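Undergrad: Contents of run_39.pdb (PDB, C-alpha atoms and all ligand atoms) are below:
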```pdb
ATOM      1  CA  MET A   1      -8.402  19.742   7.022
ATOM      2  CA  ASN A   2     -10.327  21.745   9.679
ATOM      3  CA  ALA A   3      -9.357  22.076  13.357
ATOM      4  CA  GLN A   4     -12.190  19.850  14.584
ATOM      5  CA  HIS A   5     -11.192  17.101  12.165
ATOM      6  CA  THR A   6      -7.551  17.425  13.247
ATOM      7  CA  LYS A   7      -8.549  17.112  16.912
ATOM      8  CA  THR A   8     -10.725  14.098  16.192
ATOM      9  CA  SER A   9      -7.934  12.487  14.174
ATOM     10  CA  ARG A  10      -5.457  13.082  16.985
ATOM     11  CA  ARG A  11      -7.805  11.627  19.556
ATOM     12  CA  ARG A  12      -8.343   8.635  17.305
ATOM     13  CA  PHE A  13      -4.583   8.383  16.735
ATOM     14  CA  LEU A  14      -3.832   8.341  20.447
ATOM     15  CA  LYS A  15      -6.622   5.935  21.170
ATOM     16  CA  ASN A  16      -5.352   3.605  18.484
ATOM     17  CA  LEU A  17      -1.767   4.089  19.559
ATOM     18  CA  GLY A  18      -2.574   3.050  23.111
ATOM     19  CA  ALA A  19      -4.625   0.127  21.948
ATOM     20  CA  GLY A  20      -2.017  -0.755  19.359
ATOM     21  CA  ALA A  21       0.905  -0.725  21.764
ATOM     22  CA  LEU A  22      -0.968  -2.822  24.246
ATOM     23  CA  ALA A  23      -2.112  -5.221  21.581
ATOM     24  CA  ALA A  24       1.399  -5.442  20.160
ATOM     25  CA  ALA A  25       2.926  -6.143  23.540
ATOM     26  CA  LEU A  26       0.331  -8.564  24.805
ATOM     27  CA  ALA A  27      -1.427 -10.098  21.849
ATOM     28  CA  GLY A  28       0.834  -9.729  18.812
ATOM     29  CA  THR A  29       2.014 -13.316  18.978
ATOM     30  CA  HIS A  30      -1.536 -14.538  19.268
ATOM     31  CA  HIS A  31      -2.674 -12.562  16.202
ATOM     32  CA  ALA A  32       0.232 -13.752  14.053
ATOM     33  CA  ALA A  33      -0.382 -17.354  15.006
ATOM     34  CA  HIS A  34      -4.120 -16.933  14.389
ATOM     35  CA  ALA A  35      -3.524 -15.424  10.921
ATOM     36  CA  ALA A  36      -1.351 -18.376   9.950
ATOM     37  CA  ALA A  37      -3.962 -20.893  11.110
ATOM     38  CA  GLU A  38      -6.793 -19.475   8.959
ATOM     39  CA  PRO A  39      -7.736 -21.762   6.052
ATOM     40  CA  VAL A  40      -6.861 -20.448   2.582
ATOM     41  CA  VAL A  41      -9.907 -19.828   0.412
ATOM     42  CA  SER A  42      -9.115 -19.019  -3.215
ATOM     43  CA  GLY A  43     -11.763 -16.290  -3.811
ATOM     44  CA  TRP A  44     -11.723 -13.782  -6.669
ATOM     45  CA  GLY A  45      -8.761 -13.108  -8.889
ATOM     46  CA  ILE A  46      -7.510 -10.590 -11.442
ATOM     47  CA  LEU A  47      -5.672 -11.818 -14.557
ATOM     48  CA  ILE A  48      -3.507  -9.217 -16.307
ATOM     49  CA  ASP A  49      -2.488 -10.165 -19.852
ATOM     50  CA  LEU A  50       0.562  -7.989 -20.530
ATOM     51  CA  THR A  51       0.525  -8.887 -24.237
ATOM     52  CA  ARG A  52      -2.759  -6.970 -24.557
ATOM     53  CA  CYS A  53      -1.666  -3.906 -22.594
ATOM     54  CA  THR A  54      -0.949  -0.835 -24.752
ATOM     55  CA  GLY A  55       0.062   1.339 -21.800
ATOM     56  CA  CYS A  56      -2.900   3.693 -22.229
ATOM     57  CA  GLU A  57      -3.053   4.395 -18.437
ATOM     58  CA  SER A  58      -6.897   4.145 -18.331
ATOM     59  CA  CYS A  59      -6.747   1.535 -15.559
ATOM     60  CA  VAL A  60      -4.506   3.522 -13.212
ATOM     61  CA  LEU A  61      -6.504   6.725 -13.672
ATOM     62  CA  ALA A  62      -9.757   4.829 -13.030
ATOM     63  CA  CYS A  63      -8.121   3.430  -9.890
ATOM     64  CA  LYS A  64      -7.379   6.921  -8.592
ATOM     65  CA  GLN A  65     -10.929   8.063  -9.256
ATOM     66  CA  ALA A  66     -12.571   5.005  -7.708
ATOM     67  CA  ASN A  67     -10.455   5.347  -4.589
ATOM     68  CA  ARG A  68     -10.961   9.130  -4.364
ATOM     69  CA  ARG A  69      -7.256   9.905  -4.580
ATOM     70  CA  PRO A  70      -6.126  13.513  -5.048
ATOM     71  CA  THR A  71      -5.019  14.624  -8.542
ATOM     72  CA  PRO A  72      -7.257  12.043 -10.288
ATOM     73  CA  ASP A  73      -6.183  13.253 -13.762
ATOM     74  CA  GLN A  74      -2.444  12.982 -13.154
ATOM     75  CA  VAL A  75      -0.750   9.803 -14.402
ATOM     76  CA  PRO A  76       0.945   8.139 -11.406
ATOM     77  CA  THR A  77       4.617   7.164 -11.634
ATOM     78  CA  GLN A  78       4.865   5.126  -8.447
ATOM     79  CA  LEU A  79       2.794   3.583  -5.678
ATOM     80  CA  CYS A  80       2.092   6.192  -3.010
ATOM     81  CA  SER A  81      -0.701   7.600  -0.882
ATOM     82  CA  GLU A  82      -2.088   9.212  -4.054
ATOM     83  CA  ALA A  83      -1.976   6.103  -6.274
ATOM     84  CA  TYR A  84      -2.680   2.459  -5.475
ATOM     85  CA  SER A  85      -1.618   1.332  -8.948
ATOM     86  CA  PHE A  86       0.791   2.561 -11.640
ATOM     87  CA  LEU A  87       2.415   1.393 -14.883
ATOM     88  CA  ASP A  88       6.046   0.395 -14.619
ATOM     89  CA  ALA A  89       7.985   0.632 -17.930
ATOM     90  CA  HIS A  90      10.565  -1.975 -19.019
ATOM     91  CA  THR A  91      12.611  -2.224 -22.209
ATOM     92  CA  VAL A  92      12.529  -5.783 -23.521
ATOM     93  CA  LEU A  93      13.585  -7.745 -26.577
ATOM     94  CA  ASN A  94      10.487  -8.836 -28.486
ATOM     95  CA  ALA A  95      10.026 -12.032 -30.543
ATOM     96  CA  ASP A  96      11.349 -10.229 -33.672
ATOM     97  CA  GLY A  97      14.581  -9.322 -31.883
ATOM     98  CA  ASN A  98      13.667  -5.631 -31.547
ATOM     99  CA  LEU A  99      13.717  -3.568 -28.389
ATOM    100  CA  GLU A 100      10.314  -2.397 -27.189
ATOM    101  CA  THR A 101       8.771  -0.913 -24.077
ATOM    102  CA  GLN A 102       6.503  -3.160 -22.058
ATOM    103  CA  LYS A 103       4.310  -1.489 -19.453
ATOM    104  CA  VAL A 104       3.487  -3.511 -16.349
ATOM    105  CA  LYS A 105       0.554  -2.609 -14.128
ATOM    106  CA  ARG A 106       1.620  -2.823 -10.484
ATOM    107  CA  GLN A 107      -0.640  -2.995  -7.447
ATOM    108  CA  CYS A 108      -1.137  -5.276  -4.451
ATOM    109  CA  MET A 109      -0.901  -8.929  -5.494
ATOM    110  CA  HIS A 110      -3.503 -10.006  -2.905
ATOM    111  CA  CYS A 111      -1.457 -12.973  -1.711
ATOM    112  CA  LEU A 112      -3.367 -16.065  -0.568
ATOM    113  CA  GLN A 113      -1.189 -16.148   2.550
ATOM    114  CA  PRO A 114      -0.142 -12.502   2.870
ATOM    115  CA  ALA A 115       3.064 -11.662   4.713
ATOM    116  CA  CYS A 116       1.670  -8.178   5.443
ATOM    117  CA  VAL A 117      -1.274  -9.692   7.333
ATOM    118  CA  ALA A 118       1.012 -11.985   9.325
ATOM    119  CA  ALA A 119       3.331  -9.076  10.165
ATOM    120  CA  CYS A 120       0.595  -6.726  11.360
ATOM    121  CA  THR A 121       0.334  -7.163  15.122
ATOM    122  CA  VAL A 122      -2.966  -5.317  15.488
ATOM    123  CA  GLY A 123      -5.014  -6.878  12.697
ATOM    124  CA  ALA A 124      -5.171  -3.710  10.561
ATOM    125  CA  LEU A 125      -4.583  -5.839   7.450
ATOM    126  CA  ARG A 126      -6.891  -8.766   6.741
ATOM    127  CA  ARG A 127      -7.393 -11.219   3.923
ATOM    128  CA  GLN A 128     -11.113 -11.437   3.252
ATOM    129  CA  SER A 129     -12.751 -14.679   2.132
ATOM    130  CA  ASN A 130     -13.321 -13.133  -1.331
ATOM    131  CA  GLY A 131      -9.538 -12.850  -1.775
ATOM    132  CA  ALA A 132      -9.090  -9.112  -1.163
ATOM    133  CA  VAL A 133      -6.432  -8.067   1.341
ATOM    134  CA  THR A 134      -7.968  -5.044   3.024
ATOM    135  CA  TYR A 135      -6.692  -2.384   5.411
ATOM    136  CA  ASP A 136      -8.393  -0.809   8.428
ATOM    137  CA  ALA A 137      -6.780   2.555   9.199
ATOM    138  CA  SER A 138      -8.572   2.781  12.562
ATOM    139  CA  LYS A 139      -6.529  -0.172  13.865
ATOM    140  CA  CYS A 140      -3.170   0.826  12.338
ATOM    141  CA  PHE A 141      -0.599   2.430  14.642
ATOM    142  CA  GLY A 142       2.032   3.023  11.979
ATOM    143  CA  CYS A 143       4.754   0.482  12.847
ATOM    144  CA  ARG A 144       5.256  -0.206   9.092
ATOM    145  CA  TYR A 145       5.974  -3.930   9.644
ATOM    146  CA  CYS A 146       3.725  -4.678   6.663
ATOM    147  CA  GLN A 147       6.056  -2.648   4.432
ATOM    148  CA  TYR A 148       9.078  -4.655   5.521
ATOM    149  CA  ALA A 149       7.242  -7.966   5.195
ATOM    150  CA  CYS A 150       5.707  -7.557   1.709
ATOM    151  CA  PRO A 151       7.832  -9.389  -0.897
ATOM    152  CA  PHE A 152       6.459  -7.143  -3.664
ATOM    153  CA  GLY A 153       7.154  -3.773  -1.999
ATOM    154  CA  ILE A 154       3.507  -2.741  -2.123
ATOM    155  CA  PRO A 155       2.310  -0.947   1.036
ATOM    156  CA  THR A 156       3.330   2.708   1.068
ATOM    157  CA  TYR A 157       3.509   5.031   4.047
ATOM    158  CA  ASP A 158       2.124   8.549   3.933
ATOM    159  CA  TRP A 159       5.100  10.577   5.203
ATOM    160  CA  ASP A 160       3.284  13.879   4.538
ATOM    161  CA  ASN A 161       0.547  12.963   6.980
ATOM    162  CA  PRO A 162       1.551  13.637  10.629
ATOM    163  CA  LEU A 163      -0.517  10.576  11.543
ATOM    164  CA  GLY A 164       1.190   8.585   8.758
ATOM    165  CA  LEU A 165      -0.942   5.757   7.470
ATOM    166  CA  ILE A 166      -0.506   2.850   5.065
ATOM    167  CA  HIS A 167      -1.914   2.914   1.548
ATOM    168  CA  LYS A 168      -2.456   0.064  -0.899
ATOM    169  CA  CYS A 169      -4.913  -1.459  -3.374
ATOM    170  CA  GLU A 170      -7.761  -3.295  -1.618
ATOM    171  CA  MET A 171      -9.081  -4.921  -4.807
ATOM    172  CA  CYS A 172     -11.709  -2.164  -4.771
ATOM    173  CA  ALA A 173     -13.383  -3.937  -1.822
ATOM    174  CA  HIS A 174     -15.940  -1.123  -1.592
ATOM    175  CA  ARG A 175     -16.984  -1.776  -5.202
ATOM    176  CA  LEU A 176     -17.047  -5.569  -4.787
ATOM    177  CA  GLU A 177     -19.448  -5.122  -1.859
ATOM    178  CA  GLU A 178     -21.806  -3.302  -4.217
ATOM    179  CA  GLY A 179     -21.516  -5.983  -6.895
ATOM    180  CA  GLN A 180     -19.277  -3.849  -9.124
ATOM    181  CA  LEU A 181     -16.018  -4.813 -10.829
ATOM    182  CA  PRO A 182     -12.730  -3.380  -9.579
ATOM    183  CA  ALA A 183     -12.363  -0.036 -11.357
ATOM    184  CA  CYS A 184      -9.191  -0.974 -13.266
ATOM    185  CA  VAL A 185     -10.839  -4.085 -14.719
ATOM    186  CA  GLY A 186     -13.795  -2.180 -16.138
ATOM    187  CA  ALA A 187     -11.591   0.639 -17.465
ATOM    188  CA  CYS A 188      -9.265  -1.357 -19.726
ATOM    189  CA  PRO A 189     -10.326  -0.821 -23.359
ATOM    190  CA  ASN A 190      -8.210  -3.774 -24.541
ATOM    191  CA  GLY A 191      -9.499  -6.539 -22.298
ATOM    192  CA  ALA A 192      -6.060  -6.865 -20.716
ATOM    193  CA  ILE A 193      -7.474  -7.140 -17.181
ATOM    194  CA  ARG A 194      -9.971  -9.873 -16.359
ATOM    195  CA  PHE A 195     -11.801 -10.568 -13.119
ATOM    196  CA  GLY A 196     -13.310 -13.835 -11.941
ATOM    197  CA  PRO A 197     -12.860 -16.800  -9.629
ATOM    198  CA  ARG A 198      -9.097 -17.291  -9.228
ATOM    199  CA  ALA A 199      -9.245 -20.991 -10.135
ATOM    200  CA  ALA A 200     -11.146 -20.238 -13.362
ATOM    201  CA  LEU A 201      -8.662 -17.512 -14.322
ATOM    202  CA  ILE A 202      -5.744 -19.917 -13.841
ATOM    203  CA  ALA A 203      -7.433 -22.519 -16.061
ATOM    204  CA  GLN A 204      -8.126 -19.814 -18.636
ATOM    205  CA  ALA A 205      -4.525 -18.574 -18.534
ATOM    206  CA  HIS A 206      -3.120 -22.069 -19.132
ATOM    207  CA  ALA A 207      -5.568 -22.619 -22.001
ATOM    208  CA  GLN A 208      -4.360 -19.355 -23.589
ATOM    209  CA  ILE A 209      -0.711 -20.408 -23.243
ATOM    210  CA  ALA A 210      -1.497 -23.829 -24.761
ATOM    211  CA  SER A 211      -3.292 -22.345 -27.764
ATOM    212  CA  ASN A 212      -0.751 -19.501 -28.298
ATOM    213  CA  PRO A 213       2.637 -20.939 -27.324
ATOM    214  CA  PHE A 214       4.500 -18.301 -29.382
ATOM    215  CA  ARG A 215       2.613 -15.423 -27.787
ATOM    216  CA  TYR A 216       3.223 -16.311 -24.129
ATOM    217  CA  VAL A 217       5.985 -17.656 -21.934
ATOM    218  CA  ASP A 218       4.804 -20.819 -20.197
ATOM    219  CA  HIS A 219       4.370 -19.228 -16.783
ATOM    220  CA  VAL A 220       1.344 -17.805 -15.007
ATOM    221  CA  TYR A 221       2.956 -15.447 -12.523
ATOM    222  CA  GLY A 222       1.193 -15.612  -9.179
ATOM    223  CA  GLU A 223      -0.127 -19.140  -9.569
ATOM    224  CA  HIS A 224       2.478 -20.507  -7.164
ATOM    225  CA  GLU A 225       4.698 -17.589  -6.067
ATOM    226  CA  VAL A 226       4.749 -17.202  -2.259
ATOM    227  CA  GLY A 227       1.966 -19.763  -2.009
ATOM    228  CA  GLY A 228      -0.142 -18.091  -4.720
ATOM    229  CA  THR A 229      -1.556 -14.617  -5.305
ATOM    230  CA  SER A 230      -5.004 -13.485  -6.423
ATOM    231  CA  VAL A 231      -3.481 -11.158  -9.019
ATOM    232  CA  LEU A 232      -2.037 -13.206 -11.888
ATOM    233  CA  TYR A 233      -0.067 -12.236 -14.989
ATOM    234  CA  LEU A 234       0.502 -13.552 -18.512
ATOM    235  CA  SER A 235       3.494 -12.258 -20.487
ATOM    236  CA  ALA A 236       5.351 -12.628 -23.782
ATOM    237  CA  VAL A 237       8.753 -12.294 -22.107
ATOM    238  CA  PRO A 238      10.160 -13.914 -18.946
ATOM    239  CA  PHE A 239       8.849 -12.172 -15.854
ATOM    240  CA  GLN A 240      12.361 -11.596 -14.559
ATOM    241  CA  ALA A 241      12.966  -9.208 -17.486
ATOM    242  CA  LEU A 242       9.962  -7.185 -16.319
ATOM    243  CA  GLY A 243      11.212  -6.665 -12.787
ATOM    244  CA  PHE A 244       9.009  -9.302 -11.145
ATOM    245  CA  PRO A 245      10.698 -10.752  -8.054
ATOM    246  CA  MET A 246      11.674 -14.403  -8.510
ATOM    247  CA  LEU A 247      10.131 -15.972  -5.423
ATOM    248  CA  GLY A 248       9.684 -19.549  -4.328
ATOM    249  CA  ASP A 249       6.390 -21.315  -3.773
ATOM    250  CA  THR A 250       6.582 -21.141   0.017
ATOM    251  CA  PRO A 251       4.451 -18.459   1.670
ATOM    252  CA  ILE A 252       6.505 -15.720   3.333
ATOM    253  CA  ALA A 253       3.733 -15.354   5.905
ATOM    254  CA  GLY A 254       5.341 -18.164   7.914
ATOM    255  CA  ASP A 255       8.629 -16.236   8.176
ATOM    256  CA  ALA A 256       6.772 -13.068   9.145
ATOM    257  CA  ASN A 257       4.957 -14.997  11.854
ATOM    258  CA  GLN A 258       8.240 -16.242  13.271
ATOM    259  CA  ILE A 259       9.695 -12.726  13.299
ATOM    260  CA  MET A 260       6.606 -11.323  14.996
ATOM    261  CA  GLU A 261       6.643 -14.079  17.590
ATOM    262  CA  ARG A 262      10.123 -12.890  18.561
ATOM    263  CA  THR A 263       9.546  -9.162  18.395
ATOM    264  CA  PRO A 264       6.222  -8.058  19.901
ATOM    265  CA  LEU A 265       8.097  -5.762  22.316
ATOM    266  CA  ILE A 266       9.735  -3.906  19.417
ATOM    267  CA  ALA A 267       6.280  -2.923  18.207
ATOM    268  CA  ALA A 268       5.495  -1.598  21.663
ATOM    269  CA  GLY A 269       8.800   0.344  21.587
ATOM    270  CA  VAL A 270       7.935   1.920  18.225
ATOM    271  CA  ALA A 271       4.565   2.955  19.594
ATOM    272  CA  ALA A 272       6.158   4.470  22.715
ATOM    273  CA  ILE A 273       8.621   6.528  20.643
ATOM    274  CA  ALA A 274       5.813   7.706  18.358
ATOM    275  CA  THR A 275       3.782   8.779  21.423
ATOM    276  CA  SER A 276       6.738  10.722  22.866
ATOM    277  CA  LEU A 277       7.379  12.500  19.562
ATOM    278  CA  TYR A 278       3.726  13.374  19.251
ATOM    279  CA  TRP A 279       3.554  14.889  22.756
ATOM    280  CA  LEU A 280       6.837  16.801  22.301
ATOM    281  CA  THR A 281       5.575  18.325  19.043
ATOM    282  CA  LYS A 282       2.218  19.146  20.628
ATOM    283  CA  ARG A 283       3.871  20.769  23.679
ATOM    284  CA  HIS A 284       6.181  22.823  21.451
ATOM    285  CA  HIS A 285       3.194  24.009  19.413
ATOM    286  CA  GLU A 286       1.190  24.953  22.524
ATOM    287  CA  LEU A 287       4.098  26.964  24.011
ATOM    288  CA  ALA A 288       4.626  28.814  20.723
ATOM    289  CA  THR A 289       0.899  29.619  20.506
ATOM    290  CA  ARG A 290       0.808  30.866  24.121
ATOM    291  CA  ARG A 291       3.890  33.062  23.570
ATOM    292  CA  ALA A 292       2.361  34.554  20.435
ATOM    293  CA  ALA A 293      -0.850  35.346  22.377
ATOM    294  CA  ILE A 294       1.102  37.174  25.147
ATOM    295  CA  GLU A 295       3.253  39.184  22.698
ATOM    296  CA  PRO A 296       0.923  39.728  19.713
ATOM    297  CA  ASP A 297       2.722  42.830  18.331
ATOM    298  CA  GLN A 298       6.266  41.588  18.818
ATOM    299  CA  PRO A 299       8.181  40.881  15.602
ATOM    300  CA  PRO A 300       9.931  37.482  15.377
ATOM    301  CA  ALA A 301      13.043  37.047  17.543
ATOM    302  CA  THR A 302      15.446  37.186  14.564
ATOM    303  CA  THR A 303      14.005  40.549  13.437
ATOM    304  CA  ARG A 304      14.259  41.929  16.979
ATOM    305  CA  ARG A 305      17.908  40.859  17.179
ATOM    306  CA  ALA A 306      18.713  42.520  13.835
ATOM    307  CA  GLU A 307      16.947  45.733  14.935
ATOM    308  CA  SER A 308      18.814  45.911  18.259
ATOM    309  CA  GLN A 309      22.149  45.300  16.473
ATOM    310  CA  GLY A 310      21.291  48.175  14.114
ATOM    311  CA  GLU A 311      20.493  50.473  17.085
ATOM    312  CA  THR A 312      23.809  49.626  18.787
ATOM    313  CA  LYS A 313      25.807  50.393  15.638
ATOM    314  CA  ALA A 314      24.047  53.732  15.185
TER     315      ALA A 314
HETATM  316  S1  LIG B   1       1.416  -8.074  -2.187
HETATM  317 FE1  LIG B   1       2.239  -7.358  -0.244
HETATM  318  S2  LIG B   1       0.663  -5.927   0.482
HETATM  319 FE2  LIG B   1      -0.312  -7.200  -1.091
HETATM  320  S3  LIG B   1      -1.203  -8.930   0.027
HETATM  321 FE3  LIG B   1       0.843  -9.590  -0.632
HETATM  322  S4  LIG B   1       2.135  -9.117   1.149
HETATM  323 FE4  LIG B   1       0.253  -7.950   1.406
HETATM  324  S1  LIG B   2      -8.442  -3.305  -7.846
HETATM  325 FE1  LIG B   2      -9.140  -1.206  -7.447
HETATM  326  S2  LIG B   2      -7.599  -0.384  -6.004
HETATM  327 FE2  LIG B   2      -6.710  -2.222  -6.945
HETATM  328  S3  LIG B   2      -5.543  -1.472  -8.707
HETATM  329 FE3  LIG B   2      -7.589  -2.026  -9.472
HETATM  330  S4  LIG B   2      -8.742  -0.095  -9.341
HETATM  331 FE4  LIG B   2      -6.924   0.157  -8.088
HETATM  332  S1  LIG B   3      -6.145   0.094 -19.352
HETATM  333 FE1  LIG B   3      -5.515  -1.884 -20.208
HETATM  334  S2  LIG B   3      -4.283  -1.325 -21.990
HETATM  335 FE2  LIG B   3      -4.516   0.518 -20.793
HETATM  336  S3  LIG B   3      -2.686   0.564 -19.482
HETATM  337 FE3  LIG B   3      -4.258  -0.465 -18.280
HETATM  338  S4  LIG B   3      -3.991  -2.634 -18.704
HETATM  339 FE4  LIG B   3      -2.871  -1.526 -20.270
END
```
Spit out the file's structure as structure tokens when you get a sec.
TA:
Amino acid sequence: MNAQHTKTSRRRFLKNLGAGALAAALAGTHHAAHAAAEPVVSGWGILIDLTRCTGCESCVLACKQANRRPTPDQVPTQLCSEAYSFLDAHTVLNADGNLETQKVKRQCMHCLQPACVAACTVGALRRQSNGAVTYDASKCFGCRYCQYACPFGIPTYDWDNPLGLIHKCEMCAHRLEEGQLPACVGACPNGAIRFGPRAALIAQAHAQIASNPFRYVDHVYGEHEVGGTSVLYLSAVPFQALGFPMLGDTPIAGDANQIMERTPLIAAGVAAIATSLYWLTKRHHELATRRAAIEPDQPPATTRRAESQGETKA
């Protein structure tokens, strides 16, 4: 990252921080209430048939490439700023009574009524009418409320970035805009990931269960959980055995709204602390730079101390 870019990022950070704190303090309640009032449109969906997944990792590598993540050839082992999707491994008992490993592709579930959207006081997360829950880094001020609110533990925070931002799958929104499939869908060589209107995928999933009752458990995960998600799963074993959270049908967004209605000032407090830390770090850096400019040939303080101790002993 060059110096100009760093300066621009900092300016943007501060601008957003100021705007974010103000928005959190004054308008957070309004945004949360507004998000809850928006009508739910079903939109696109992604159906993942776990019985077809061989764990080849093509989908997660394609995801990294499509989203220009660093280390595009390295298989991800968790959700992080470098990977918006990964394969989670679970040992399960198959229909023959043998133990086997089942890989589960994890990414944002694109909830119909997303708790992350309700929790975000500055509108950095939005559910689009096509079903994708997208993120706008220019609005985010790093409070991480979305992380706490998400029932699936999806948004990740980039701790290595001094400006720390949120990362998550956006259903390849940039590709959808260009009429392309999400990268993971197109990459699966086994047809385990399908894309289409959510309602059609649900009908398809139930038809598959009805015609193959020994292949699938009678449950389309995501059809009803937390009010429904745009990412849906079919499985041969109960979802609980694969680490899926057992959630009710009620959207969590309502709870997040209630919390945000009570806590807009906390968001402002977080922003204020972040500002103070930023300025303290900046001031420390400036003083160190100035000192180094005045005493360019001086060795570091610890070396000087060691040298003077040596002189005294001699
Ligand atoms: S899974 Fe989590 S991050 Fe994704 S839309 Fe739902 S609440 Fe938001
Ligand atoms: S939809 Fe796009 S961002 Fe999301 S998991 Fe698939 S490839 Fe990754
Ligand atoms: S590309 Fe298809 S088969 Fe390979 S890991 Fe992903 S979902 Fe499974």
Undergrad: For a quick check of understanding, using only C-alpha atoms, which of A:Cys53, A:Cys80, A:Ala95, A:Val226 has the smallest distance to Pro189 in chain A?
TA: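 So, comparing all the options, the nearest one is A:Cys53.
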Undergrad: Which neighbours of Tyr221 in chain A fall inside 10 Å, counting all atoms listed in the file, when residues of the same chain fewer than 6 positions from it are skipped, and could you give them as a ChimeraX atom specification?
TA: /A:47-48,202,228-229,231-235,238-239,244,246
Undergrad: Would you compute the distance between CA of Pro151 in chain A and CA of Thr54 in chain A? Give it in Å to one decimal.
TA: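 Those two atoms sit 26.8 Å apart.
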Undergrad: Which residues are close to range 86-94 of chain A, i.e. within 8 Å by only C-alpha atoms, leaving aside same-chain residues fewer than 4 positions away? Reply as a PDB file with C-alpha atoms, keeping the file's coordinate frame.
TA:
```
ATOM      1  CA  GLY A  55       0.062   1.339 -21.800  1.00  0.00           C
ATOM      2  CA  GLU A  57      -3.053   4.395 -18.437  1.00  0.00           C
ATOM      3  CA  VAL A  60      -4.506   3.522 -13.212  1.00  0.00           C
ATOM      4  CA  VAL A  75      -0.750   9.803 -14.402  1.00  0.00           C
ATOM      5  CA  PRO A  76       0.945   8.139 -11.406  1.00  0.00           C
ATOM      6  CA  THR A  77       4.617   7.164 -11.634  1.00  0.00           C
ATOM      7  CA  GLN A  78       4.865   5.126  -8.447  1.00  0.00           C
ATOM      8  CA  LEU A  79       2.794   3.583  -5.678  1.00  0.00           C
ATOM      9  CA  ASN A  98      13.667  -5.631 -31.547  1.00  0.00           C
ATOM     10  CA  LEU A  99      13.717  -3.568 -28.389  1.00  0.00           C
ATOM     11  CA  GLU A 100      10.314  -2.397 -27.189  1.00  0.00           C
ATOM     12  CA  THR A 101       8.771  -0.913 -24.077  1.00  0.00           C
ATOM     13  CA  GLN A 102       6.503  -3.160 -22.058  1.00  0.00           C
ATOM     14  CA  LYS A 103       4.310  -1.489 -19.453  1.00  0.00           C
ATOM     15  CA  VAL A 104       3.487  -3.511 -16.349  1.00  0.00           C
ATOM     16  CA  LYS A 105       0.554  -2.609 -14.128  1.00  0.00           C
ATOM     17  CA  ARG A 106       1.620  -2.823 -10.484  1.00  0.00           C
ATOM     18  CA  GLN A 107      -0.640  -2.995  -7.447  1.00  0.00           C
ATOM     19  CA  ALA A 236       5.351 -12.628 -23.782  1.00  0.00           C
ATOM     20  CA  VAL A 237       8.753 -12.294 -22.107  1.00  0.00           C
ATOM     21  CA  ALA A 241      12.966  -9.208 -17.486  1.00  0.00           C
ATOM     22  CA  LEU A 242       9.962  -7.185 -16.319  1.00  0.00           C
ATOM     23  CA  GLY A 243      11.212  -6.665 -12.787  1.00  0.00           C
TER      24      GLY A 243
END
```
Undergrad: From the set A:Cys108, A:Val220, A:Ile252, A:Leu181, which residue has the shortest atom-to-atom contact distance to ligand LIG 1 (chain B), counting all atoms listed in the file?
TA: A:Cys108
Undergrad: Using only C-alpha atoms, which residues sit within 9 Å of Arg194 in chain A once same-chain residues fewer than 6 positions away are excluded, as a PyMOL selection string?
TA: chain A and resi 45-49+185-186+201
